[in-house]
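> Here it is: the structure, laid out below.
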Amino acid sequence: MRVEYGNVFYFRFINTIGGIESHLYYMAKKYKDWDITIIYKEGDANQINRLKKFVRVKKYNGELIKCKKVFFCFNIDIIDKVDAEEYIEVLHGDYKAMGIKPNIHPKINKYYGVSKQVCDTFKEVTGFDTNLAYNPIALDTISQKPLLLVSATRLSKEKGRERMVELARQLDVAKIPYLWLVFTDNVNAIKNPNILYMNPTLDILKYLAMADYVIQLSDNEGYCYTVVESLCVGTPVIVSECPVFKEIGVKDKENGFILDFEMKNVPINEIKKGLKGFKYTPKEDNWDKILAPGKSTYAEDFRRHILVKCIYPYTDMEEEREMITGDEFVVSVSRAEYLAENKVVTIVKDMDKEKHTKGDKDGKKLEL
């Protein structure tokens, strides 16, 4: 018997970092009491595990999906495998600026853009009317902050790598001391002793909160969670003159500095003085009006204890020790599934229910 879901969000590849990944996370976190299922084909284990704390997450295996509403995030390759009352595409980028051909399909009933900039440029490119649905945001509690610069971005031309080089040069010429943490998995390294590269992290809020400024100097953006998150935690930003930055609430010399694309008029002395005490309210999202109504039926309980057995020696970062073949230890459901997927353990049993799994021969699938 097919399971009918309320709201299905489909994204083919869930990466280690990205705007759509943040969209899915905040959607899951803020609307966890709604019936939401996230479906993917490939994905980063850390991203998937944090989504599973709030909503149902399933890897797509070619099955027919039945739901009330389906939301496609860029990819619509499984649309003919979805039986939905309503087909919706969520637009996350400025298609005109990106020069990418949008996905258009006769089954799509509605388009929602995550900013007015996205909506306007999508209609300009396609002629289709688009509804505005700002991205949801639901921040965690954050800690104290020291002084530094932070960016979370690819080091590519369109994300403003050369502008980053120029800003660093001007800071150096002005003899302003700084430490610039750049979180990226795409190190096209800028040779500067003050720039430190960090592995991407899903817990970036504490770094944004610690910063004097968060910097994003892109050619174009459709929304930019990093900027919104930074302003929400009271950290001013330094951004390029992308239209959407003003739309989402960046105010020059009040809660940030908006630099021209040519980097000709960088107010170095004002940046040095800093910006304090501003108030910021993110754009209110309206997903409570968009999602199909109905309480969540998601049943996974992270308090369950799963007994696993090591079948291949490895270093376990959570247990902080070397695992030897034959070792048995207890982990959460998501951790058990992750280790089994990587073929380093086999699942023995659910310690709380005392029920053996009925998965495949590698013990990958838990009875949830």
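Chain identifiers are assigned as A, B, and so on, following the order in which chains appear in the structure tokens; residues are numbered from 1 within each chain, and ligands are numbered from 1 in order of appearance.
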Taking 3 positions as the minimum chain separation for residues in the same chain, which residues sit within 6 Å of stretch 305-312 of chain A when counting only C-alpha atoms? Answer as a list in words.
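The filter keeps Thr325, Gly326, Asp327, Glu328, Phe329, Val330, Val331, Ser332, Val344, Val345, Thr346, Ile347, Val348, Lys349, Asp350 and Met351 of chain A.
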> Identify, on the basis of only C-alpha atoms, every residue whose closest approach to A:Lys32 does not exceed 10 Å; exclude the query and any residue fewer than 6 positions from it along the same chain; express the result as a list in words.
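Listing them by chain and then by number gives Tyr26, Leu51, Lys53, Phe54, Val55, Arg56, Lys295, Ser296 and Tyr298 of chain A.
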> Within stretch 15-202 of chain A, find each residue whose DSSP state, derived from the backbone, is helix (DSSP H, G or I), and express the selection as a PyMOL selection string.
chain A and resi 19-30+45-51+79-81+95-98+116-126+161-173
> Interatomic distance between atom CA of A:Cys119 and atom CA of A:Ile137?
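The value is 19.4 Å.
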> Taking into account only C-alpha atoms, which residue in the set A:Glu318, A:Asn269, A:Glu341, A:Thr141 is nearest to A:Val173?
A:Asn269
> Choose the residue, out of A:Lys110, A:Lys343, A:Lys279, A:His92, that has the smallest atom-to-atom separation from A:Asn220; count only C-alpha atoms.
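Residue with the minimum atom-to-atom distance to A:Asn220: A:His92.
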> Compare A:Arg321, A:Lys276, A:Arg154, A:Lys264 by their minimum atom-to-atom distance to A:Ile17, counting only C-alpha atoms, and give me the closest one.
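The closest residue to A:Ile17 is A:Arg154.
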> Which is closest to A:Asn15 among A:Asp44, A:Glu166, A:Asp83, A:Glu89, if we use only C-alpha atoms?
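When distances to A:Asn15 are compared using only C-alpha atoms, the smallest one comes from A:Asp44.
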> For stretch 227-309 of chain A against stretch 120-131 of chain A, with a cut-off of 12 Å and counting only C-alpha atoms, what is the closest atom pair and its distance in Å to one decimal for every residue that makes the cut, ordered by chain and number, as a tab-separated table?

residue	atom	partner	partner_atom	distance
A:Pro243	CA	A:Thr121	CA	11.4
A:Val244	CA	A:Asp120	CA	11.3
A:Asp285	CA	A:Asn131	CA	11.9
A:Asn286	CA	A:Asn131	CA	10.6
A:Trp287	CA	A:Asn131	CA	11.6
A:Lys289	CA	A:Asn131	CA	12.0
A:Ile290	CA	A:Asn131	CA	10.4
> To one decimal place, how far is atom CA of A:Val118 from atom CA of A:Cys73 in Å?
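Calculated distance between atom CA of A:Val118 and atom CA of A:Cys73 is 13.6 Å.
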> What is the atom CA of A:Glu320-atom CA of A:Arg335 distance in Å, reported with one decimal?
14.3 Å
> Excluding A:Ile88 and its own-chain neighbours fewer than 2 positions away, which residues fall within 7 Å of it when counting only C-alpha atoms? Please give them as a JSON list (two decimals) with all heavy atoms, in the first residue's frame.

[["chain", "number", "residue", "atom", "x", "y", "z"],
["A", 70, "VAL", "N", 3.65, 18.73, -3.68],
["A", 70, "VAL", "CA", 5.06, 18.43, -3.89],
["A", 70, "VAL", "C", 5.76, 19.72, -4.28],
["A", 70, "VAL", "O", 5.26, 20.51, -5.09],
["A", 70, "VAL", "CB", 5.26, 17.35, -4.98],
["A", 70, "VAL", "CG1", 4.69, 17.77, -6.32],
["A", 70, "VAL", "CG2", 6.75, 17.00, -5.11],
["A", 71, "PHE", "N", 6.91, 19.97, -3.62],
["A", 71, "PHE", "CA", 7.70, 21.18, -3.87],
["A", 71, "PHE", "C", 9.04, 20.75, -4.46],
["A", 71, "PHE", "O", 9.81, 20.03, -3.82],
["A", 71, "PHE", "CB", 7.93, 21.94, -2.55],
["A", 71, "PHE", "CG", 6.67, 22.39, -1.89],
["A", 71, "PHE", "CD1", 5.96, 21.54, -1.05],
["A", 71, "PHE", "CD2", 6.19, 23.67, -2.08],
["A", 71, "PHE", "CE1", 4.80, 21.95, -0.43],
["A", 71, "PHE", "CE2", 5.01, 24.10, -1.47],
["A", 71, "PHE", "CZ", 4.32, 23.23, -0.63],
["A", 72, "PHE", "N", 9.31, 21.19, -5.69],
["A", 72, "PHE", "CA", 10.57, 20.87, -6.34],
["A", 72, "PHE", "C", 11.55, 22.03, -6.14],
["A", 72, "PHE", "O", 11.23, 23.18, -6.41],
["A", 72, "PHE", "CB", 10.36, 20.63, -7.84],
["A", 72, "PHE", "CG", 9.52, 19.43, -8.15],
["A", 72, "PHE", "CD1", 8.17, 19.57, -8.47],
["A", 72, "PHE", "CD2", 10.06, 18.16, -8.09],
["A", 72, "PHE", "CE1", 7.39, 18.47, -8.75],
["A", 72, "PHE", "CE2", 9.29, 17.05, -8.38],
["A", 72, "PHE", "CZ", 7.94, 17.19, -8.70],
["A", 86, "GLU", "N", -1.16, 19.01, -6.00],
["A", 86, "GLU", "CA", -0.60, 20.27, -6.46],
["A", 86, "GLU", "C", 0.90, 20.13, -6.66],
["A", 86, "GLU", "O", 1.60, 19.58, -5.80],
["A", 86, "GLU", "CB", -0.89, 21.38, -5.44],
["A", 86, "GLU", "CG", -0.71, 22.77, -5.99],
["A", 86, "GLU", "CD", -1.31, 23.85, -5.10],
["A", 86, "GLU", "OE1", -1.89, 23.50, -4.05],
["A", 86, "GLU", "OE2", -1.21, 25.02, -5.46],
["A", 90, "VAL", "N", 9.83, 25.68, -6.33],
["A", 90, "VAL", "CA", 10.38, 26.75, -5.51],
["A", 90, "VAL", "C", 11.62, 27.29, -6.22],
["A", 90, "VAL", "O", 12.57, 26.56, -6.49],
["A", 90, "VAL", "CB", 10.74, 26.26, -4.09],
["A", 90, "VAL", "CG1", 11.22, 27.43, -3.23],
["A", 90, "VAL", "CG2", 9.55, 25.58, -3.44],
["A", 108, "ILE", "N", 3.45, 21.66, -13.48],
["A", 108, "ILE", "CA", 3.63, 22.64, -12.42],
["A", 108, "ILE", "C", 2.42, 23.57, -12.35],
["A", 108, "ILE", "O", 2.06, 24.21, -13.32],
["A", 108, "ILE", "CB", 4.92, 23.47, -12.65],
["A", 108, "ILE", "CG1", 6.15, 22.56, -12.68],
["A", 108, "ILE", "CG2", 5.06, 24.53, -11.57],
["A", 108, "ILE", "CD1", 6.45, 21.86, -11.38],
["A", 109, "ASN", "N", 1.79, 23.62, -11.15],
["A", 109, "ASN", "CA", 0.62, 24.48, -10.94],
["A", 109, "ASN", "C", 1.00, 25.88, -10.49],
["A", 109, "ASN", "O", 0.33, 26.86, -10.82],
["A", 109, "ASN", "CB", -0.31, 23.87, -9.88],
["A", 109, "ASN", "CG", -0.71, 22.45, -10.19],
["A", 109, "ASN", "OD1", -0.39, 21.55, -9.44],
["A", 109, "ASN", "ND2", -1.40, 22.24, -11.30],
["A", 110, "LYS", "N", 2.08, 25.97, -9.67],
["A", 110, "LYS", "CA", 2.47, 27.26, -9.10],
["A", 110, "LYS", "C", 3.98, 27.36, -9.01],
["A", 110, "LYS", "O", 4.68, 26.35, -8.87],
["A", 110, "LYS", "CB", 1.88, 27.43, -7.69],
["A", 110, "LYS", "CG", 0.38, 27.64, -7.63],
["A", 110, "LYS", "CD", -0.08, 27.83, -6.19],
["A", 110, "LYS", "CE", -1.59, 28.01, -6.11],
["A", 110, "LYS", "NZ", -2.04, 28.14, -4.70],
["A", 111, "TYR", "N", 4.45, 28.59, -9.08],
["A", 111, "TYR", "CA", 5.86, 28.89, -8.85],
["A", 111, "TYR", "C", 5.96, 29.83, -7.66],
["A", 111, "TYR", "O", 5.19, 30.79, -7.55],
["A", 111, "TYR", "CB", 6.50, 29.55, -10.08],
["A", 111, "TYR", "CG", 6.55, 28.66, -11.29],
["A", 111, "TYR", "CD1", 5.54, 28.70, -12.25],
["A", 111, "TYR", "CD2", 7.61, 27.78, -11.48],
["A", 111, "TYR", "CE1", 5.58, 27.89, -13.37],
["A", 111, "TYR", "CE2", 7.66, 26.96, -12.60],
["A", 111, "TYR", "CZ", 6.65, 27.02, -13.54],
["A", 111, "TYR", "OH", 6.70, 26.21, -14.65]]
> Might you pull out every residue within 10 Å of A:Thr235, with only C-alpha atoms counted and same-chain residues fewer than 4 positions away left off, and present them as a ChimeraX atom specification?
/A:145,208-214,227-231,255-256,275-278,280
> As a PyMOL selection string, please: the residues near A:Lys52 (cut-off 10 Å, only C-alpha atoms, same-chain neighbours under 2 positions excluded).
chain A and resi 25+28-29+37-38+46-50+54-58+298+300-302+334
